[in-house]
Amino acid sequence: MKKQIMDLRVTLSERVGAQCTLLKAKPVEGHLPECKPGQFAQLRVDDSGTFLRRPISIHDVEGDEISFLVQEVGKGTHWLCSLKEGDILNVVLPLGNGFTIKTQGTPLLIGGGVGVAPLLFLGKRLKEQGVKPTFLLGARTKAQLVRLDAFREVGEVLITTEDGSEGERGFVTQHSQLSMFNGRQCSIVYTCGPMPMMKAVAKMAREKGIECEASLENRMACGVGACLCCVEELADGHNHCVCTDGPVFSTAELKIDN
Amino acid sequence: MASLSVKIGALELRNPVMTASGTFGYGLEFQDFVDLSRLGGIVVKGTTLHPREGNPYPRMAETASGMLNCVGLQNKGVDYFCKDIYPKVKDLPTNVIVNVSGSTIDDYVETARRIGELESIPAIELNISCPNVRQGGMAFGVTCEGASSVVRAVRKAYPKTLIVKLSPNVTDIAEIARAVEAEGADSVSLINTLMGMAIDAEKRKRILSIGTGGLSGPAVKPVALRMVYQVARAVKIPVIGLGGIMTATDAIEFLLAGATAIEVGTANFIDPSVTMKVVEGIEAYLERHGFQSVSDIIGALEE
(Lines give C-alpha, C1' and ligand atoms only; values in the text may rest on other atoms or scores of the structure.)
Protein backbone atom coordinates (compact mmCIF):
# COMPACT_ATOMS: atom_id res chain seq x y z
CA MET A 1 0.00 0.00 0.00
CA LYS A 2 1.59 3.25 -1.13
CA LYS A 3 1.87 5.89 1.55
CA GLN A 4 0.81 9.37 0.57
CA ILE A 5 1.17 12.94 1.75
CA MET A 6 -2.07 14.72 1.02
CA ASP A 7 -4.15 17.75 1.83
CA LEU A 8 -7.60 17.02 3.18
CA ARG A 9 -10.43 19.49 3.56
CA VAL A 10 -12.29 19.29 6.85
CA THR A 11 -15.95 18.42 6.25
CA LEU A 12 -16.99 18.23 9.90
CA SER A 13 -15.49 19.27 13.22
CA GLU A 14 -17.73 18.37 16.13
CA ARG A 15 -17.06 18.33 19.85
CA VAL A 16 -17.93 14.93 21.26
CA GLY A 17 -17.79 14.13 24.96
CA ALA A 18 -15.73 16.13 27.42
CA GLN A 19 -12.35 16.27 25.67
CA CYS A 20 -12.68 14.93 22.13
CA THR A 21 -13.36 16.32 18.68
CA LEU A 22 -14.64 14.26 15.77
CA LEU A 23 -12.93 15.42 12.59
CA LYS A 24 -14.13 14.31 9.17
CA ALA A 25 -12.20 15.24 6.06
CA LYS A 26 -11.90 14.49 2.33
CA PRO A 27 -8.96 14.81 -0.05
CA VAL A 28 -8.78 18.21 -1.73
CA GLU A 29 -7.80 16.35 -4.91
CA GLY A 30 -8.04 12.71 -5.91
CA HIS A 31 -9.04 9.83 -3.71
CA LEU A 32 -8.25 8.59 -0.25
CA PRO A 33 -5.85 5.63 -0.46
CA GLU A 34 -7.12 2.31 0.86
CA CYS A 35 -6.80 2.24 4.66
CA LYS A 36 -7.11 -0.70 7.04
CA PRO A 37 -8.57 -0.67 10.56
CA GLY A 38 -5.81 -0.13 13.09
CA GLN A 39 -3.70 1.96 10.75
CA PHE A 40 -3.01 5.60 11.55
CA ALA A 41 -2.20 8.91 9.93
CA GLN A 42 0.38 11.57 10.80
CA LEU A 43 -1.51 14.86 11.06
CA ARG A 44 0.41 18.04 10.44
CA VAL A 45 -0.03 20.73 13.07
CA ASP A 46 0.61 24.27 11.87
CA ASP A 47 1.09 25.85 15.26
CA SER A 48 4.30 27.61 16.20
CA GLY A 49 4.27 25.98 19.63
CA THR A 50 4.64 22.45 18.23
CA PHE A 51 7.02 20.82 15.81
CA LEU A 52 6.18 17.22 14.95
CA ARG A 53 3.14 15.69 13.29
CA ARG A 54 0.61 13.98 15.55
CA PRO A 55 -0.06 10.26 15.01
CA ILE A 56 -3.83 9.71 15.12
CA SER A 57 -5.61 6.42 14.52
CA ILE A 58 -8.15 6.13 11.74
CA HIS A 59 -11.58 6.23 13.35
CA ASP A 60 -13.66 5.58 10.26
CA VAL A 61 -13.56 5.62 6.47
CA GLU A 62 -16.63 6.09 4.28
CA GLY A 63 -15.75 6.37 0.60
CA ASP A 64 -13.26 9.21 0.37
CA GLU A 65 -14.17 10.62 3.78
CA ILE A 66 -11.89 9.77 6.70
CA SER A 67 -12.64 10.39 10.37
CA PHE A 68 -10.36 11.00 13.30
CA LEU A 69 -11.31 11.14 16.96
CA VAL A 70 -8.88 13.56 18.58
CA GLN A 71 -8.54 13.97 22.32
CA GLU A 72 -7.29 17.37 23.38
CA VAL A 73 -4.27 16.80 25.59
CA GLY A 74 -1.77 19.46 24.55
CA LYS A 75 -1.01 22.25 22.10
CA GLY A 76 -0.92 20.00 19.03
CA THR A 77 -4.20 18.27 19.68
CA HIS A 78 -5.73 21.62 20.71
CA TRP A 79 -4.84 22.96 17.26
CA LEU A 80 -6.36 19.89 15.59
CA CYS A 81 -9.50 20.15 17.71
CA SER A 82 -9.81 23.82 16.71
CA LEU A 83 -10.01 23.05 12.98
CA LYS A 84 -13.20 24.22 11.32
CA GLU A 85 -15.19 22.95 8.38
CA GLY A 86 -13.39 23.97 5.18
CA ASP A 87 -9.90 24.12 6.78
CA ILE A 88 -7.01 22.21 5.24
CA LEU A 89 -5.44 19.32 7.12
CA ASN A 90 -2.23 17.81 5.74
CA VAL A 91 -1.79 14.10 6.46
CA VAL A 92 0.60 11.25 5.75
CA LEU A 93 -1.26 7.94 5.44
CA PRO A 94 -1.89 5.06 5.66
CA LEU A 95 0.73 4.13 8.25
CA GLY A 96 1.25 1.03 10.38
CA ASN A 97 0.08 -2.55 10.05
CA GLY A 98 -3.55 -2.66 11.21
CA PHE A 99 -5.60 -5.33 12.97
CA THR A 100 -5.93 -8.90 11.69
CA ILE A 101 -9.44 -9.37 10.35
CA LYS A 102 -10.77 -12.72 11.61
CA THR A 103 -14.05 -13.84 10.20
CA GLN A 104 -14.76 -16.88 12.37
CA GLY A 105 -16.64 -16.66 15.67
CA THR A 106 -17.49 -13.52 17.60
CA PRO A 107 -14.88 -10.82 18.02
CA LEU A 108 -14.75 -8.74 21.17
CA LEU A 109 -13.54 -5.14 20.80
CA ILE A 110 -12.43 -3.57 24.08
CA GLY A 111 -11.62 0.13 24.20
CA GLY A 112 -10.83 2.62 26.93
CA GLY A 113 -10.97 6.42 26.73
CA VAL A 114 -10.04 7.79 23.31
CA GLY A 115 -8.63 4.31 22.58
CA VAL A 116 -12.10 3.43 21.34
CA ALA A 117 -11.27 5.39 18.16
CA PRO A 118 -9.88 2.65 15.87
CA LEU A 119 -12.47 0.11 17.06
CA LEU A 120 -15.35 1.73 15.18
CA PHE A 121 -13.58 1.35 11.82
CA LEU A 122 -12.56 -2.19 12.78
CA GLY A 123 -16.09 -3.10 13.86
CA LYS A 124 -17.54 -1.83 10.58
CA ARG A 125 -15.10 -3.87 8.50
CA LEU A 126 -15.78 -6.96 10.60
CA LYS A 127 -19.52 -6.47 10.16
CA GLU A 128 -19.07 -6.17 6.39
CA GLN A 129 -17.33 -9.55 6.53
CA GLY A 130 -20.46 -11.00 8.11
CA VAL A 131 -19.36 -11.23 11.73
CA LYS A 132 -21.15 -9.53 14.59
CA PRO A 133 -18.77 -7.52 16.75
CA THR A 134 -19.37 -6.81 20.42
CA PHE A 135 -17.89 -3.62 21.82
CA LEU A 136 -16.91 -3.27 25.45
CA LEU A 137 -16.16 0.38 26.09
CA GLY A 138 -14.77 1.81 29.30
CA ALA A 139 -14.21 5.28 30.69
CA ARG A 140 -13.70 6.99 34.03
CA THR A 141 -17.08 8.71 33.77
CA LYS A 142 -20.07 9.05 31.45
CA ALA A 143 -18.86 12.34 29.89
CA GLN A 144 -15.82 10.56 28.49
CA LEU A 145 -17.84 7.97 26.59
CA VAL A 146 -18.05 9.07 22.99
CA ARG A 147 -19.71 8.03 19.74
CA LEU A 148 -21.94 5.46 21.44
CA ASP A 149 -24.64 5.81 18.78
CA ALA A 150 -22.13 5.11 16.03
CA PHE A 151 -20.88 2.01 17.85
CA ARG A 152 -24.46 0.80 18.45
CA GLU A 153 -25.16 0.92 14.71
CA VAL A 154 -22.37 -1.61 14.20
CA GLY A 155 -22.75 -4.03 17.06
CA GLU A 156 -23.75 -4.68 20.65
CA VAL A 157 -22.23 -2.18 23.10
CA LEU A 158 -21.33 -3.03 26.69
CA ILE A 159 -20.18 -0.21 28.95
CA THR A 160 -18.28 0.23 32.17
CA THR A 161 -17.45 3.47 33.96
CA GLU A 162 -15.23 3.71 36.99
CA ASP A 163 -17.76 5.90 38.82
CA GLY A 164 -20.80 3.95 37.66
CA SER A 165 -22.35 6.96 35.88
CA GLU A 166 -23.07 4.79 32.81
CA GLY A 167 -23.17 1.03 32.32
CA GLU A 168 -21.65 -1.16 34.98
CA ARG A 169 -19.37 0.30 37.65
CA GLY A 170 -15.74 -0.75 37.45
CA PHE A 171 -13.12 -1.58 34.84
CA VAL A 172 -13.79 -3.19 31.47
CA THR A 173 -12.31 -6.49 32.65
CA GLN A 174 -14.93 -6.60 35.46
CA HIS A 175 -17.97 -6.48 33.17
CA SER A 176 -20.48 -9.17 34.16
CA GLN A 177 -21.09 -10.35 30.60
CA LEU A 178 -17.44 -11.22 30.03
CA SER A 179 -18.23 -14.65 31.48
CA MET A 180 -20.18 -15.27 28.24
CA PHE A 181 -17.01 -14.98 26.20
CA ASN A 182 -14.72 -17.96 26.04
CA GLY A 183 -12.30 -19.53 23.61
CA ARG A 184 -15.09 -21.54 21.89
CA GLN A 185 -17.29 -18.82 20.40
CA CYS A 186 -15.06 -15.76 20.83
CA SER A 187 -12.43 -15.78 18.12
CA ILE A 188 -10.35 -12.78 19.04
CA VAL A 189 -10.13 -9.83 21.40
CA TYR A 190 -8.99 -6.49 19.97
CA THR A 191 -8.02 -3.79 22.43
CA CYS A 192 -6.91 -0.18 22.42
CA GLY A 193 -6.65 2.18 25.37
CA PRO A 194 -4.53 3.00 28.40
CA MET A 195 -1.69 0.54 29.02
CA PRO A 196 -2.97 -0.73 32.42
CA MET A 197 -6.30 -1.55 30.75
CA MET A 198 -4.70 -3.33 27.81
CA LYS A 199 -2.50 -5.24 30.22
CA ALA A 200 -5.56 -6.43 32.14
CA VAL A 201 -7.37 -7.30 28.89
CA ALA A 202 -4.35 -9.26 27.63
CA LYS A 203 -4.23 -11.24 30.87
CA MET A 204 -7.96 -11.96 30.72
CA ALA A 205 -7.74 -13.10 27.09
CA ARG A 206 -4.82 -15.38 27.84
CA GLU A 207 -6.65 -16.96 30.77
CA LYS A 208 -9.66 -17.59 28.55
CA GLY A 209 -7.46 -18.94 25.78
CA ILE A 210 -8.54 -16.25 23.31
CA GLU A 211 -6.18 -14.60 20.85
CA CYS A 212 -5.67 -10.90 21.56
CA GLU A 213 -4.36 -7.93 19.60
CA ALA A 214 -3.49 -4.58 21.17
CA SER A 215 -2.83 -1.22 19.53
CA LEU A 216 -0.03 0.82 21.13
CA GLU A 217 0.46 4.56 21.04
CA ASN A 218 4.12 5.17 21.82
CA ARG A 219 5.52 8.66 21.36
CA MET A 220 6.49 8.97 17.70
CA ALA A 221 8.49 11.24 15.45
CA CYS A 222 8.73 10.04 11.82
CA GLY A 223 5.92 7.45 11.63
CA VAL A 224 7.67 5.51 8.86
CA GLY A 225 10.32 3.45 10.66
CA ALA A 226 13.27 5.77 10.14
CA CYS A 227 13.96 7.48 13.46
CA LEU A 228 13.51 4.52 15.84
CA CYS A 229 12.02 6.76 18.54
CA CYS A 230 8.73 4.92 19.13
CA VAL A 231 10.18 1.50 19.90
CA GLU A 232 8.57 -1.06 22.17
CA GLU A 233 10.67 -3.82 23.67
CA LEU A 234 8.85 -7.03 22.77
CA ALA A 235 8.98 -10.41 24.45
CA ASP A 236 11.75 -11.40 22.02
CA GLY A 237 13.99 -8.93 23.88
CA HIS A 238 14.36 -6.61 20.90
CA ASN A 239 13.16 -3.07 20.28
CA HIS A 240 10.59 -2.84 17.49
CA CYS A 241 9.15 0.26 15.83
CA VAL A 242 5.54 0.75 16.83
CA CYS A 243 4.99 2.83 13.68
CA THR A 244 5.91 0.08 11.22
CA ASP A 245 5.89 -3.27 13.08
CA GLY A 246 2.75 -2.03 14.89
CA PRO A 247 0.85 -0.17 16.12
CA VAL A 248 -1.06 -3.46 16.43
CA PHE A 249 0.72 -6.36 18.12
CA SER A 250 -0.44 -9.77 19.21
CA THR A 251 -0.35 -9.52 23.00
CA ALA A 252 1.64 -12.77 23.01
CA GLU A 253 4.47 -10.75 21.45
CA LEU A 254 4.22 -7.98 24.04
CA LYS A 255 5.88 -7.82 27.41
CA ILE A 256 2.58 -6.64 28.95
CA ASP A 257 1.34 -10.22 28.72
CA ASN A 258 4.49 -11.79 30.16
CA MET B 1 19.85 25.19 -16.45
CA ALA B 2 22.51 25.71 -13.78
CA SER B 3 24.77 22.81 -12.88
CA LEU B 4 24.04 21.35 -9.47
CA SER B 5 26.81 18.76 -9.26
CA VAL B 6 29.44 18.92 -6.53
CA LYS B 7 32.35 16.73 -5.43
CA ILE B 8 33.15 15.42 -1.96
CA GLY B 9 36.53 13.73 -2.17
CA ALA B 10 36.23 11.22 -5.00
CA LEU B 11 32.48 11.20 -4.61
CA GLU B 12 30.43 12.93 -7.26
CA LEU B 13 27.02 14.16 -6.22
CA ARG B 14 24.43 15.08 -8.83
CA ASN B 15 23.33 17.83 -6.48
CA PRO B 16 24.34 18.96 -2.99
CA VAL B 17 21.25 17.56 -1.26
CA MET B 18 21.73 14.49 0.92
CA THR B 19 19.79 13.03 3.82
CA ALA B 20 21.16 12.83 7.37
CA SER B 21 21.86 9.56 9.11
CA GLY B 22 19.12 8.31 11.38
CA THR B 23 16.41 10.38 9.73
CA PHE B 24 15.90 8.59 6.43
CA GLY B 25 16.27 4.92 7.36
CA TYR B 26 17.90 3.09 4.45
CA GLY B 27 16.14 5.28 1.92
CA LEU B 28 13.66 2.47 1.23
CA GLU B 29 11.26 3.83 3.86
CA PHE B 30 10.91 7.05 1.84
CA GLN B 31 10.49 5.67 -1.67
CA ASP B 32 6.75 6.42 -1.62
CA PHE B 33 7.54 10.10 -1.07
CA VAL B 34 10.88 10.79 -2.73
CA ASP B 35 12.43 10.07 -6.13
CA LEU B 36 15.78 8.87 -4.80
CA SER B 37 17.39 9.43 -8.19
CA ARG B 38 16.98 13.16 -7.59
CA LEU B 39 19.09 13.13 -4.41
CA GLY B 40 22.82 13.75 -4.23
CA GLY B 41 23.11 10.95 -1.72
CA ILE B 42 21.64 9.32 1.34
CA VAL B 43 23.50 8.66 4.56
CA VAL B 44 21.99 5.54 6.07
CA LYS B 45 21.57 4.65 9.73
CA GLY B 46 24.52 4.50 12.10
CA THR B 47 26.07 1.05 11.81
CA THR B 48 28.26 -0.55 14.47
CA LEU B 49 30.39 -3.71 14.51
CA HIS B 50 28.02 -5.55 16.83
CA PRO B 51 24.21 -5.30 17.03
CA ARG B 52 22.93 -2.64 19.44
CA GLU B 53 19.48 -2.49 21.01
CA GLY B 54 19.85 1.24 21.64
CA ASN B 55 18.48 3.01 24.70
CA PRO B 56 15.16 2.22 26.40
CA TYR B 57 11.94 4.04 25.51
CA PRO B 58 11.17 7.00 25.84
CA ARG B 59 13.72 8.17 23.32
CA MET B 60 12.15 11.36 22.05
CA ALA B 61 10.87 14.67 23.37
CA GLU B 62 9.42 17.46 21.28
CA THR B 63 10.92 20.87 22.01
CA ALA B 64 10.41 24.44 20.78
CA SER B 65 11.20 24.23 17.04
CA GLY B 66 12.87 20.87 17.33
CA MET B 67 13.18 17.59 19.13
CA LEU B 68 15.51 15.66 21.41
CA ASN B 69 16.36 12.03 20.78
CA CYS B 70 18.38 9.44 22.62
CA VAL B 71 17.93 6.48 20.27
CA GLY B 72 21.46 5.33 21.05
CA LEU B 73 22.53 3.82 17.73
CA GLN B 74 20.04 0.96 17.58
CA ASN B 75 21.13 -1.18 14.64
CA LYS B 76 21.64 -4.83 13.79
CA GLY B 77 25.39 -4.59 13.24
CA VAL B 78 27.65 -4.56 10.22
CA ASP B 79 27.18 -8.25 9.32
CA TYR B 80 23.44 -7.76 9.08
CA PHE B 81 23.98 -4.63 7.01
CA CYS B 82 26.24 -6.46 4.55
CA LYS B 83 24.01 -9.52 4.28
CA ASP B 84 20.47 -8.17 4.53
CA ILE B 85 20.48 -4.45 3.84
CA TYR B 86 23.21 -4.05 1.24
CA PRO B 87 21.45 -6.17 -1.42
CA LYS B 88 18.39 -3.92 -1.06
CA VAL B 89 20.25 -0.61 -1.26
CA LYS B 90 23.15 -1.32 -3.61
CA ASP B 91 21.15 -0.54 -6.73
CA LEU B 92 19.36 2.53 -5.41
CA PRO B 93 19.75 5.32 -7.95
CA THR B 94 21.79 7.57 -5.66
CA ASN B 95 24.99 7.53 -3.59
CA VAL B 96 24.47 5.36 -0.53
CA ILE B 97 26.82 6.39 2.26
CA VAL B 98 27.05 4.40 5.48
CA ASN B 99 27.35 6.14 8.82
CA VAL B 100 29.88 4.15 10.86
CA SER B 101 29.91 4.26 14.66
CA GLY B 102 31.79 2.46 17.38
CA SER B 103 32.84 2.29 21.00
CA THR B 104 36.51 1.47 20.41
CA ILE B 105 39.00 2.34 17.68
CA ASP B 106 39.18 -1.33 16.70
CA ASP B 107 35.39 -1.41 16.26
CA TYR B 108 35.48 1.63 13.99
CA VAL B 109 38.30 0.19 11.92
CA GLU B 110 36.72 -3.22 11.46
CA THR B 111 33.30 -1.79 10.60
CA ALA B 112 34.84 0.64 8.10
CA ARG B 113 36.94 -2.14 6.56
CA ARG B 114 33.88 -4.34 6.01
CA ILE B 115 31.83 -1.51 4.54
CA GLY B 116 34.84 -0.71 2.35
CA GLU B 117 34.51 -4.14 0.73
CA LEU B 118 31.01 -3.30 -0.51
CA GLU B 119 31.43 -2.19 -4.09
CA SER B 120 28.37 0.04 -4.28
CA ILE B 121 29.07 2.03 -1.11
CA PRO B 122 31.37 4.85 -2.27
CA ALA B 123 31.86 6.58 1.08
CA ILE B 124 31.41 6.37 4.81
CA GLU B 125 30.51 9.02 7.30
CA LEU B 126 32.46 8.36 10.48
CA ASN B 127 30.30 9.21 13.46
CA ILE B 128 32.57 10.43 16.24
CA SER B 129 29.82 12.56 17.64
CA CYS B 130 26.84 10.51 18.85
CA PRO B 131 25.82 12.10 22.16
CA ASN B 132 23.68 9.15 23.21
CA VAL B 133 26.16 6.34 23.69
CA ARG B 134 28.00 6.12 26.94
CA GLN B 135 31.40 4.86 25.87
CA GLY B 136 32.82 6.01 22.61
CA GLY B 137 30.87 7.91 20.04
CA MET B 138 31.14 11.46 21.15
CA ALA B 139 34.00 10.71 23.56
CA PHE B 140 36.29 10.54 20.52
CA GLY B 141 34.85 13.58 18.88
CA VAL B 142 35.28 16.11 21.67
CA THR B 143 39.08 16.20 21.77
CA CYS B 144 41.58 16.68 18.96
CA GLU B 145 43.57 13.66 20.19
CA GLY B 146 40.50 11.41 20.26
CA ALA B 147 39.30 12.53 16.84
CA SER B 148 42.78 12.22 15.33
CA SER B 149 43.35 8.73 16.69
CA VAL B 150 40.09 7.31 15.24
CA VAL B 151 40.50 8.99 11.87
CA ARG B 152 44.16 7.95 11.59
CA ALA B 153 43.28 4.31 12.22
CA VAL B 154 40.24 4.26 9.93
CA ARG B 155 42.06 6.10 7.15
CA LYS B 156 44.57 3.21 6.95
CA ALA B 157 41.78 0.65 6.63
CA TYR B 158 39.41 2.58 4.37
CA PRO B 159 40.56 3.74 0.93
CA LYS B 160 37.35 5.36 -0.35
CA THR B 161 35.82 8.73 0.51
CA LEU B 162 35.97 9.30 4.25
CA ILE B 163 33.63 11.89 5.73
CA VAL B 164 33.94 12.62 9.45
CA LYS B 165 30.84 13.83 11.29
CA LEU B 166 31.69 16.36 13.96
CA SER B 167 30.13 17.07 17.32
CA PRO B 168 29.00 20.60 18.15
CA ASN B 169 29.44 19.82 21.85
CA VAL B 170 32.97 21.20 21.88
CA THR B 171 34.73 24.46 22.67
CA ASP B 172 36.35 24.91 19.26
CA ILE B 173 34.95 22.84 16.40
CA ALA B 174 37.40 24.32 13.86
CA GLU B 175 40.30 22.86 15.82
CA ILE B 176 38.74 19.36 15.65
CA ALA B 177 38.07 19.81 11.94
CA ARG B 178 41.71 20.70 11.32
CA ALA B 179 42.82 17.69 13.35
CA VAL B 180 40.78 15.22 11.26
CA GLU B 181 41.82 16.94 8.02
CA ALA B 182 45.45 16.43 9.03
CA GLU B 183 44.76 12.69 9.43
CA GLY B 184 43.46 12.39 5.90
CA ALA B 185 39.70 12.85 6.16
CA ASP B 186 38.24 13.74 2.74
CA SER B 187 35.42 15.81 4.19
CA VAL B 188 33.76 16.83 7.43
CA SER B 189 30.01 16.92 8.05
CA LEU B 190 28.55 19.06 10.80
CA ILE B 191 26.74 19.40 13.06
CA ASN B 192 25.58 16.32 14.89
CA THR B 193 22.95 17.02 17.56
CA LEU B 194 23.48 19.36 20.50
CA MET B 195 23.24 17.74 23.93
CA GLY B 196 20.09 18.74 25.72
CA MET B 197 17.51 17.74 28.29
CA ALA B 198 13.75 17.78 28.71
CA ILE B 199 11.90 17.76 32.02
CA ASP B 200 8.25 17.06 32.80
CA ALA B 201 7.40 19.61 35.48
CA GLU B 202 4.15 17.91 36.54
CA LYS B 203 5.82 14.55 37.11
CA ARG B 204 9.10 16.15 38.25
CA LYS B 205 10.95 13.71 36.00
CA ARG B 206 13.38 13.80 33.12
CA ILE B 207 11.47 12.80 29.99
CA LEU B 208 14.14 10.81 28.14
CA SER B 209 15.11 7.36 29.39
CA ILE B 210 18.78 8.25 29.81
CA GLY B 211 18.08 11.79 30.93
CA THR B 212 19.78 13.61 28.09
CA GLY B 213 19.46 13.56 24.33
CA GLY B 214 20.55 15.26 21.13
CA LEU B 215 18.69 18.36 19.96
CA SER B 216 17.87 18.70 16.26
CA GLY B 217 15.54 20.73 14.10
CA PRO B 218 15.34 24.45 13.29
CA ALA B 219 16.23 25.29 16.91
CA VAL B 220 19.87 24.36 16.19
CA LYS B 221 20.21 26.01 12.77
CA PRO B 222 21.91 29.26 13.84
CA VAL B 223 24.50 27.27 15.83
CA ALA B 224 25.07 24.93 12.88
CA LEU B 225 25.44 27.81 10.42
CA ARG B 226 28.01 29.53 12.61
CA MET B 227 30.01 26.31 12.99
CA VAL B 228 29.90 25.51 9.26
CA TYR B 229 31.10 29.04 8.53
CA GLN B 230 34.00 28.69 11.00
CA VAL B 231 35.02 25.21 9.82
CA ALA B 232 34.81 26.09 6.11
CA ARG B 233 37.36 28.85 6.75
CA ALA B 234 39.59 26.58 8.80
CA VAL B 235 39.98 23.59 6.43
CA LYS B 236 40.60 22.99 2.73
CA ILE B 237 38.52 19.79 2.46
CA PRO B 238 34.85 20.14 1.53
CA VAL B 239 32.38 20.71 4.34
CA ILE B 240 28.93 19.13 4.47
CA GLY B 241 26.49 21.30 6.40
CA LEU B 242 23.52 20.11 8.39
CA GLY B 243 21.44 21.17 11.35
CA GLY B 244 17.84 22.30 11.16
CA ILE B 245 17.49 22.58 7.39
CA MET B 246 13.76 22.71 6.65
CA THR B 247 13.67 24.59 3.33
CA ALA B 248 15.73 25.33 0.22
CA THR B 249 16.51 28.75 1.67
CA ASP B 250 17.99 27.10 4.77
CA ALA B 251 20.11 24.87 2.51
CA ILE B 252 21.30 27.87 0.47
CA GLU B 253 22.34 29.63 3.69
CA PHE B 254 24.59 26.65 4.51
CA LEU B 255 26.09 26.72 1.01
CA LEU B 256 26.75 30.45 1.33
CA ALA B 257 28.38 29.81 4.72
CA GLY B 258 30.84 27.53 2.93
CA ALA B 259 29.25 24.07 2.77
CA THR B 260 29.80 22.14 -0.48
CA ALA B 261 26.82 19.90 0.22
CA ILE B 262 24.08 19.70 2.83
CA GLU B 263 22.13 17.02 4.67
CA VAL B 264 18.44 17.25 5.49
CA GLY B 265 17.55 15.44 8.71
CA THR B 266 14.70 16.07 11.11
CA ALA B 267 12.70 17.88 8.40
CA ASN B 268 12.05 14.47 6.80
CA PHE B 269 9.80 13.67 9.78
CA ILE B 270 7.61 16.71 9.20
CA ASP B 271 7.49 16.46 5.41
CA PRO B 272 8.77 13.14 4.04
CA SER B 273 9.10 14.71 0.57
CA VAL B 274 10.94 17.83 1.73
CA THR B 275 14.23 16.91 0.01
CA MET B 276 12.59 17.21 -3.41
CA LYS B 277 11.47 20.74 -2.53
CA VAL B 278 14.99 21.61 -1.36
CA VAL B 279 16.49 20.43 -4.68
CA GLU B 280 13.90 22.37 -6.68
CA GLY B 281 14.37 25.45 -4.52
CA ILE B 282 18.14 25.49 -5.00
CA GLU B 283 17.64 25.17 -8.78
CA ALA B 284 15.17 28.05 -8.77
CA TYR B 285 17.49 30.21 -6.65
CA LEU B 286 20.44 29.70 -9.02
CA GLU B 287 18.22 30.49 -11.98
CA ARG B 288 16.78 33.58 -10.36
CA HIS B 289 20.22 34.97 -9.48
CA GLY B 290 21.80 34.01 -12.79
CA PHE B 291 24.39 31.56 -11.43
CA GLN B 292 25.75 28.94 -13.83
CA SER B 293 26.65 26.46 -11.13
CA VAL B 294 25.91 25.71 -7.51
CA SER B 295 29.65 26.02 -6.85
CA ASP B 296 29.25 29.74 -7.57
CA ILE B 297 27.41 30.18 -4.28
CA ILE B 298 29.57 27.98 -2.03
CA GLY B 299 31.12 30.30 0.53
CA ALA B 300 30.00 33.23 -1.60
CA LEU B 301 28.95 35.60 1.17
CA GLU B 302 29.20 39.27 0.32
CA GLU B 303 31.16 41.33 2.82
# chains A, B, ... in the order shown; residues from 1 in each chain; ligands from 1
$ interface_residues --of "chain B" --to "chain A" --cutoff "9 Å" --atoms "only C-alpha atoms" --output "VMD selection string"
chain B and resid 22 to 27 29 to 30 32 to 33 45 53 to 54 56 to 67 69 to 71 74 217 266 268 to 273
$ select_by_dssp --residues "range 134-238 of chain A" --states "strand (DSSP E or B)" --output "NGL selection string"
:A and (134-139 or 156-161 or 168-169 or 186-192 or 211-215 or 232-234)
$ residues_around --residues "Ser187 in chain B" --least-positions-apart "3" --cutoff "6 Å" --atoms "only C-alpha atoms" --output "PyMOL selection string"
chain B and resi 163+237-239
$ select_by_dssp --residues "range 85-203 of chain A" --states "helix (DSSP H, G or I)" --output "PyMOL selection string"
chain A and resi 113-128+142-144+148-154+172-174+176-180+195-203
